[in-house]
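File shown: work.pdb. Contents: PDB, C-alpha atoms.
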ATOM      1  CA  MET B  28      -6.703 -41.169  -2.619
ATOM      2  CA  SER B  29      -9.776 -40.558  -4.730
ATOM      3  CA  ASN B  30      -9.937 -37.218  -6.531
ATOM      4  CA  THR B  31     -13.727 -37.217  -6.793
ATOM      5  CA  GLY B  32     -16.340 -35.557  -4.617
ATOM      6  CA  VAL B  33     -17.111 -32.080  -3.352
ATOM      7  CA  ASN B  34     -13.691 -31.678  -1.723
ATOM      8  CA  THR B  35     -11.574 -32.487  -4.758
ATOM      9  CA  GLU B  36      -9.185 -29.553  -4.239
ATOM     10  CA  GLU B  37      -8.743 -30.380  -0.564
ATOM     11  CA  ALA B  38      -8.027 -34.014  -1.480
ATOM     12  CA  TRP B  39      -5.363 -32.913  -3.952
ATOM     13  CA  ALA B  40      -3.871 -30.644  -1.294
ATOM     14  CA  LYS B  41      -3.666 -33.409   1.309
ATOM     15  CA  GLU B  42      -2.221 -35.889  -1.159
ATOM     16  CA  ALA B  43       0.421 -33.388  -2.285
ATOM     17  CA  MET B  44       1.438 -32.282   1.193
ATOM     18  CA  ASP B  45       1.497 -35.826   2.556
ATOM     19  CA  LYS B  46       4.374 -36.397   0.148
ATOM     20  CA  GLU B  47       6.160 -33.162   1.157
ATOM     21  CA  ALA B  48       5.651 -33.048   4.932
ATOM     22  CA  SER B  49       2.615 -34.819   6.331
ATOM     23  CA  GLU B  50       2.647 -32.735   9.520
ATOM     24  CA  LEU B  51       1.698 -29.723   7.372
ATOM     25  CA  SER B  52      -1.134 -31.426   5.462
ATOM     26  CA  THR B  53      -4.006 -30.070   7.561
ATOM     27  CA  LEU B  54      -2.578 -26.559   7.376
ATOM     28  CA  TYR B  55      -2.174 -26.660   3.610
ATOM     29  CA  VAL B  56      -5.690 -28.030   3.207
ATOM     30  CA  ASN B  57      -6.899 -25.009   5.202
ATOM     31  CA  VAL B  58      -5.187 -22.678   2.729
ATOM     32  CA  ILE B  59      -6.782 -24.392  -0.256
ATOM     33  CA  SER B  60     -10.213 -24.334   1.429
ATOM     34  CA  PHE B  61      -9.801 -20.617   2.094
ATOM     35  CA  LEU B  62      -8.876 -19.921  -1.525
ATOM     36  CA  LYS B  63     -11.723 -22.093  -2.744
ATOM     37  CA  ASP B  64     -14.237 -20.162  -0.621
ATOM     38  CA  ASN B  65     -12.925 -16.666  -1.312
ATOM     39  CA  GLY B  66     -12.387 -16.626  -5.040
ATOM     40  CA  GLN B  67      -9.741 -14.842  -7.032
ATOM     41  CA  ASP B  68      -9.111 -11.922  -4.668
ATOM     42  CA  PHE B  69      -6.389 -13.775  -2.795
ATOM     43  CA  MET B  70      -4.696 -15.668  -5.624
ATOM     44  CA  SER B  71      -1.851 -13.943  -7.438
ATOM     45  CA  LYS B  72      -1.783 -14.532 -11.177
ATOM     46  CA  GLN B  73       1.795 -15.733 -11.028
ATOM     47  CA  THR B  74       1.187 -18.288  -8.273
ATOM     48  CA  TRP B  75      -2.273 -19.513  -9.239
ATOM     49  CA  LYS B  76      -2.416 -18.961 -13.014
ATOM     50  CA  GLY B  77      -5.326 -21.112 -14.138
ATOM     51  CA  GLY B  78      -6.869 -21.347 -10.669
ATOM     52  CA  LEU B  79      -6.987 -24.229  -8.200
ATOM     53  CA  THR B  80      -5.920 -26.905 -10.651
ATOM     54  CA  LYS B  81      -4.302 -30.079  -9.428
ATOM     55  CA  GLU B  82      -1.028 -28.993 -11.030
ATOM     56  CA  ASN B  83      -1.042 -25.675  -9.163
ATOM     57  CA  ILE B  84      -2.016 -27.247  -5.864
ATOM     58  CA  VAL B  85       0.821 -29.778  -6.122
ATOM     59  CA  LYS B  86       3.333 -27.109  -7.169
ATOM     60  CA  ASN B  87       2.388 -24.743  -4.344
ATOM     61  CA  ALA B  88       2.518 -27.472  -1.711
ATOM     62  CA  SER B  89       6.289 -27.356  -2.127
ATOM     63  CA  LYS B  90       6.229 -23.562  -1.953
ATOM     64  CA  PHE B  91       4.139 -23.649   1.243
ATOM     65  CA  LYS B  92       6.613 -26.031   2.871
ATOM     66  CA  LYS B  93       9.735 -24.177   1.716
ATOM     67  CA  GLY B  94       8.330 -20.983   3.186
ATOM     68  CA  ARG B  95       8.768 -22.646   6.590
ATOM     69  CA  ASP B  96      12.335 -23.840   6.054
ATOM     70  CA  HIS B  97      14.891 -22.341   8.427
ATOM     71  CA  ARG B  98      16.045 -19.021   7.025
ATOM     72  CA  LEU B  99      18.773 -16.690   8.226
ATOM     73  CA  PRO B 100      19.324 -12.974   7.536
ATOM     74  CA  SER B 101      21.386 -12.274   4.430
ATOM     75  CA  MET B 102      23.401  -9.323   3.255
ATOM     76  CA  PRO B 103      21.845  -7.235   0.452
ATOM     77  CA  ALA B 104      22.974  -8.463  -2.948
ATOM     78  CA  THR B 105      23.273  -4.936  -4.357
ATOM     79  CA  VAL B 106      26.639  -3.172  -4.611
ATOM     80  CA  PRO B 107      26.849  -0.141  -2.249
ATOM     81  CA  ASP B 108      26.623   3.233  -3.957
ATOM     82  CA  GLU B 109      30.018   4.929  -3.804
ATOM     83  CA  ALA B 110      28.268   8.279  -3.323
ATOM     84  CA  VAL B 111      27.097   7.047   0.087
ATOM     85  CA  LYS B 112      30.699   7.127   1.238
ATOM     86  CA  GLN B 113      30.962  10.732   0.178
ATOM     87  CA  VAL B 114      27.873  11.657   2.203
ATOM     88  CA  LEU B 115      29.203   9.797   5.228
ATOM     89  CA  LYS B 116      32.521  11.567   4.865
ATOM     90  CA  SER B 117      31.301  15.078   4.063
ATOM     91  CA  TYR B 118      28.236  15.351   6.277
ATOM     92  CA  TYR B 119      28.613  12.771   9.027
ATOM     93  CA  LYS B 120      32.382  13.315   9.304
ATOM     94  CA  ILE B 121      33.247   9.616   9.078
ATOM     95  CA  LEU B 122      36.992   9.249   8.647
ATOM     96  CA  ASP B 123      38.360   7.687   5.454
ATOM     97  CA  LYS B 124      39.753   4.744   7.382
ATOM     98  CA  ASP B 125      36.318   4.009   8.866
ATOM     99  CA  LEU B 126      34.200   4.320   5.714
ATOM    100  CA  ASP B 127      34.345   0.678   4.647
ATOM    101  CA  GLU B 128      33.395  -0.489   8.141
ATOM    102  CA  ALA B 129      30.508   2.000   8.269
ATOM    103  CA  ILE B 130      29.188   0.701   4.929
ATOM    104  CA  LEU B 131      29.516  -2.895   6.156
ATOM    105  CA  HIS B 132      27.523  -2.142   9.314
ATOM    106  CA  HIS B 133      24.907  -0.390   7.197
ATOM    107  CA  MET B 134      24.539  -3.450   4.954
ATOM    108  CA  LYS B 135      24.262  -5.752   7.965
ATOM    109  CA  SER B 136      21.603  -3.480   9.403
ATOM    110  CA  MET B 137      19.678  -3.627   6.113
ATOM    111  CA  GLY B 138      19.903  -7.424   6.123
ATOM    112  CA  ALA B 139      18.646  -7.566   9.696
ATOM    113  CA  GLU B 140      15.775  -5.205   8.941
ATOM    114  CA  ASN B 141      14.754  -7.242   5.908
ATOM    115  CA  ALA B 142      14.604 -10.381   8.089
ATOM    116  CA  ILE B 143      12.338  -8.958  10.792
ATOM    117  CA  GLY B 144       9.089  -9.426   8.871
ATOM    118  CA  ASP B 145       9.768 -13.119   8.290
ATOM    119  CA  LEU B 146      10.825 -13.625  11.907
ATOM    120  CA  LEU B 147       7.658 -11.899  13.102
ATOM    121  CA  GLU B 148       5.458 -14.231  11.065
ATOM    122  CA  ARG B 149       7.325 -17.256  12.407
ATOM    123  CA  TYR B 150       6.929 -16.050  15.995
ATOM    124  CA  LEU B 151       3.220 -15.459  15.518
ATOM    125  CA  ALA B 152       2.793 -18.827  13.789
ATOM    126  CA  SER B 153       4.353 -20.608  16.768
ATOM    127  CA  ASN B 154       1.666 -19.073  18.967
ATOM    128  CA  LEU B 155      -1.318 -18.887  16.610
ATOM    129  CA  GLU B 156      -1.294 -22.276  14.904
ATOM    130  CA  PRO B 157      -2.004 -24.151  18.166
ATOM    131  CA  LYS B 158      -5.099 -21.904  18.378
ATOM    132  CA  GLY B 159      -6.467 -22.938  14.995
ATOM    133  CA  TRP B 160      -4.852 -20.339  12.765
ATOM    134  CA  THR B 161      -2.831 -21.223   9.665
ATOM    135  CA  TRP B 162       0.269 -19.318   8.598
ATOM    136  CA  CYS B 163       0.063 -18.769   4.833
ATOM    137  CA  SER B 164       3.744 -19.509   4.370
ATOM    138  CA  GLY B 165       5.390 -19.300   0.984
ATOM    139  CA  SER B 166       3.184 -16.350  -0.017
ATOM    140  CA  CYS B 167       0.511 -18.773  -1.224
ATOM    141  CA  VAL B 168      -2.230 -16.310  -0.300
ATOM    142  CA  LYS B 169      -2.055 -12.766  -1.612
ATOM    143  CA  ALA B 170      -2.077  -9.943   0.986
ATOM    144  CA  VAL B 171      -2.990 -12.280   3.877
ATOM    145  CA  ASP B 172      -0.575 -13.858   6.333
ATOM    146  CA  PHE B 173      -2.855 -15.900   8.622
ATOM    147  CA  ILE B 174      -6.293 -17.472   8.209
ATOM    148  CA  LYS B 175      -8.707 -19.233  10.541
ATOM    149  CA  LYS B 176     -12.026 -20.992   9.930
ATOM    150  CA  THR B 177     -14.632 -20.200  12.594
ATOM    151  CA  GLU B 178     -18.326 -20.959  13.056
ATOM    152  CA  LYS B 179     -19.082 -17.556  11.500
ATOM    153  CA  GLY B 180     -16.788 -18.092   8.526
ATOM    154  CA  TRP B 181     -13.211 -17.235   7.688
ATOM    155  CA  ARG B 182     -10.996 -14.799   9.544
ATOM    156  CA  ALA B 183      -8.020 -13.316   7.739
ATOM    157  CA  LEU B 184      -5.113 -11.404   9.229
ATOM    158  CA  GLN B 185      -2.545  -9.189   7.537
ATOM    159  CA  VAL B 186       0.614  -8.598   9.604
ATOM    160  CA  LYS B 187       3.154  -5.818   9.161
ATOM    161  CA  ASN B 188       6.248  -5.052  11.190
ATOM    162  CA  ARG B 189       5.689  -1.269  11.209
ATOM    163  CA  ASP B 190       2.718   1.025  10.760
ATOM    164  CA  ASN B 191       4.205   2.562   7.596
ATOM    165  CA  SER B 192       5.122  -0.635   5.746
ATOM    166  CA  GLU B 193       1.916  -1.572   3.916
ATOM    167  CA  ASN B 194       2.070  -1.331   0.126
ATOM    168  CA  SER B 195      -0.762  -0.054  -2.038
ATOM    169  CA  SER B 196      -1.610  -3.452  -3.544
ATOM    170  CA  SER B 197      -2.149  -4.989  -0.100
ATOM    171  CA  SER B 198      -4.395  -2.092   0.872
ATOM    172  CA  ALA B 199      -6.406  -2.473  -2.321
ATOM    173  CA  ILE B 200      -6.952  -6.175  -1.679
ATOM    174  CA  ARG B 201      -8.197  -5.500   1.823
ATOM    175  CA  GLU B 202     -10.575  -2.758   0.713
ATOM    176  CA  GLY B 203     -11.793  -4.531  -2.424
ATOM    177  CA  THR B 204     -13.039  -7.791  -0.925
ATOM    178  CA  SER B 205     -16.181  -8.615   1.040
ATOM    179  CA  LEU B 206     -14.122 -10.601   3.544
ATOM    180  CA  ASN B 207     -13.166  -8.605   6.626
ATOM    181  CA  ILE B 208      -9.371  -8.659   6.872
ATOM    182  CA  ASP B 209      -7.876  -7.710  10.214
ATOM    183  CA  LYS B 210      -4.747  -5.599   9.967
ATOM    184  CA  TRP B 211      -2.092  -5.449  12.673
ATOM    185  CA  HIS B 212       1.376  -3.946  12.925
ATOM    186  CA  ARG B 213       4.008  -4.640  15.539
ATOM    187  CA  SER B 214       5.638  -1.229  15.953
ATOM    188  CA  PHE B 215       5.100   2.475  15.445
ATOM    189  CA  SER B 216       7.595   4.083  13.096
ATOM    190  CA  ARG B 217       7.502   7.534  14.709
ATOM    191  CA  THR B 218       7.678   6.559  18.382
ATOM    192  CA  GLY B 219       9.324   3.127  18.395
ATOM    193  CA  GLY B 220       6.535   1.814  20.619
ATOM    194  CA  THR B 221       4.937  -1.584  20.124
ATOM    195  CA  ASN B 222       1.368  -2.669  19.518
ATOM    196  CA  TRP B 223       1.050  -6.127  21.063
ATOM    197  CA  GLU B 224      -1.858  -5.161  23.309
ATOM    198  CA  ASP B 225      -4.024  -4.537  20.217
ATOM    199  CA  PHE B 226      -3.428  -7.899  18.542
ATOM    200  CA  PRO B 227      -6.773  -8.945  16.954
ATOM    201  CA  ASP B 228      -6.985 -12.394  18.573
ATOM    202  CA  LEU B 229      -7.783 -11.745  22.228
ATOM    203  CA  SER B 230      -6.959 -15.346  23.168
ATOM    204  CA  THR B 231      -3.271 -14.459  22.782
ATOM    205  CA  LYS B 232      -3.391 -11.784  25.479
ATOM    206  CA  GLY B 233      -0.476 -12.309  27.825
ATOM    207  CA  GLU B 234       1.032 -14.966  25.536
ATOM    208  CA  ILE B 235       2.651 -12.803  22.859
ATOM    209  CA  SER B 236       4.782  -9.779  23.641
ATOM    210  CA  GLU B 237       7.825  -7.817  22.564
ATOM    211  CA  LYS B 238       9.959  -9.733  25.049
ATOM    212  CA  GLY B 239       8.605 -12.992  23.696
ATOM    213  CA  PHE B 240       9.438 -11.902  20.165
ATOM    214  CA  GLN B 241      12.968 -10.842  21.113
ATOM    215  CA  ASP B 242      13.526 -14.175  22.901
ATOM    216  CA  PHE B 243      12.181 -16.013  19.856
ATOM    217  CA  ILE B 244      14.633 -14.174  17.570
ATOM    218  CA  ASN B 245      17.525 -15.030  19.852
ATOM    219  CA  ASP B 246      16.609 -18.725  20.003
ATOM    220  CA  TYR B 247      15.811 -18.990  16.288
ATOM    221  CA  LEU B 248      19.076 -17.428  15.110
ATOM    222  CA  LYS B 249      21.128 -19.580  17.446
ATOM    223  CA  LYS B 250      19.773 -22.812  15.938
TER     224      LYS B 250
END

What does this structure look like when you write it as structure tokens?
Amino acid sequence: MSNTGVNTEEAWAKEAMDKEASELSTLYVNVISFLKDNGQDFMSKQTWKGGLTKENIVKNASKFKKGRDHRLPSMPATVPDEAVKQVLKSYYKILDKDLDEAILHHMKSMGAENAIGDLLERYLASNLEPKGWTWCSGSCVKAVDFIKKTEKGWRALQVKNRDNSENSSSSAIREGTSLNIDKWHRSFSRTGGTNWEDFPDLSTKGEISEKGFQDFINDYLKK
């Protein structure tokens, strides 16, 4: 493939992804086009040091693909704090013989909670990509999870599992760029309710839901 012309970066992206997984080539090209059009705001220094060079585009093609590899919940790698046992014993009245099991269930719960965000993005991708969106897998785009090119320009979507889970850097990106970034969260931390009816893409109405997400989790983890 020639690397000359106005779409040099897109050509590099297609060539790189054709070697990784050709079915993802169009999607990866979309990511590179988005980054090319929207400057440095969405490129982390660690991932795109030096900009959209051929070397970076080739390197991040692998990262984009690996972000879609099947992934299962994992236990936290940190060693449980022994003081937690004392709190469980003294305040919550957990018996000595049950402390280790309580800690184990807590760690499993933490692992499950850490996996929800990734599972949510995968569920949304399965519904949004047939509608022209691209999941920015592998964290190739900073502070944005989905992008879509429309007649009016780019749309960008930032997805969070809960309304209290956004970090300050993501908020700063959204407020510091001229591109309008839609923000959506799945659930409300204080009530436990869900927010599917307010998803920014109205074409998904009736197609994505909490039941659909729960069914997706069940099917995905059984694979």

Review point. In terms of the shortest atom-to-atom distance over all atoms listed in the file, which of B:Arg217, B:Lys76, B:Arg98, B:Lys250 is closest to B:Leu146?
Key: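 Of B:Arg217, B:Lys76, B:Arg98, B:Lys250, the one nearest B:Leu146 is B:Arg98, counting all atoms listed in the file.
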
Practice item. Extract, using all atoms listed in the file, all DNA, RNA and protein residues at most 12 Å from B:Glu237, discarding same-chain residues fewer than 5 positions from it, and format them as a PyMOL selection string. Key: chain B and resi 147+150-151+188+213-214+219-224+226+242-244

Review point. How would you write, as a PyMOL selection string, the residues chosen by the PyMOL selection byres ((chain B and resi 129) around 12) on this structure?
Key: chain B and resi 107+111-116+119-128+130-136

Exercise for review: Specify as a list in words each residue included when the PyMOL selection byres ((chain B and resi 157-172) around 6) is applied to this file.
Suggested key: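 That selection, the PyMOL selection byres ((chain B and resi 157-172) around 6), comes back as Leu54, Phe69, Met70, Ser71, Lys90, Phe91, Gly94, Ala152, Leu155, Glu156, Phe173, Ile174, Lys175, Leu184, Gln185 and Ser197 of chain B.
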
Review point. Pick the closest to B:Lys46 from B:Ser236, B:Gln73, B:Gln67, B:Ser89: which is it, counting only C-alpha atoms?
Key: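 Among B:Ser236, B:Gln73, B:Gln67, B:Ser89, it is B:Ser89 that comes nearest to B:Lys46.
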
Exercise for review: Run through the PyMOL selection byres ((chain B and resi 40) around 10) on the given coordinates and return the selected residues as a PyMOL selection string.
Suggested key: chain B and resi 34-39+41-45+52-60+79+81+83-88

Point to revise | d(atom CA of B:Gly78, atom CA of B:Val186) in Å | key: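 Value for the atom CA of B:Gly78-atom CA of B:Val186 distance: 25.1 Å.
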
Review point. Which residue, B:Thr74, B:Met102, B:Ile143, B:Lys63, has the smallest gap to B:Tyr247 when you use only C-alpha atoms?
Key: B:Ile143

Practice item. Using atom CA of B:Asp228 and atom CA of B:Ala48 as the two end points, give the distance in Å to one decimal. Key: 27.8 Å

Please define a box with edges along x, y and z of the file around all atoms of stretch 114-117 of chain B given in the file, extend it by 3 Å on each side, and return its centre and edge lengths in Å to one decimal, as AutoDock Vina command-line options.
--center_x 30.2 --center_y 12.4 --center_z 3.7 --size_x 10.6 --size_y 11.3 --size_z 9.0

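For the atom pair formed by atom CA of B:Pro100 and atom CA of B:Ser153, the distance is 19.2 Å, given to one decimal.
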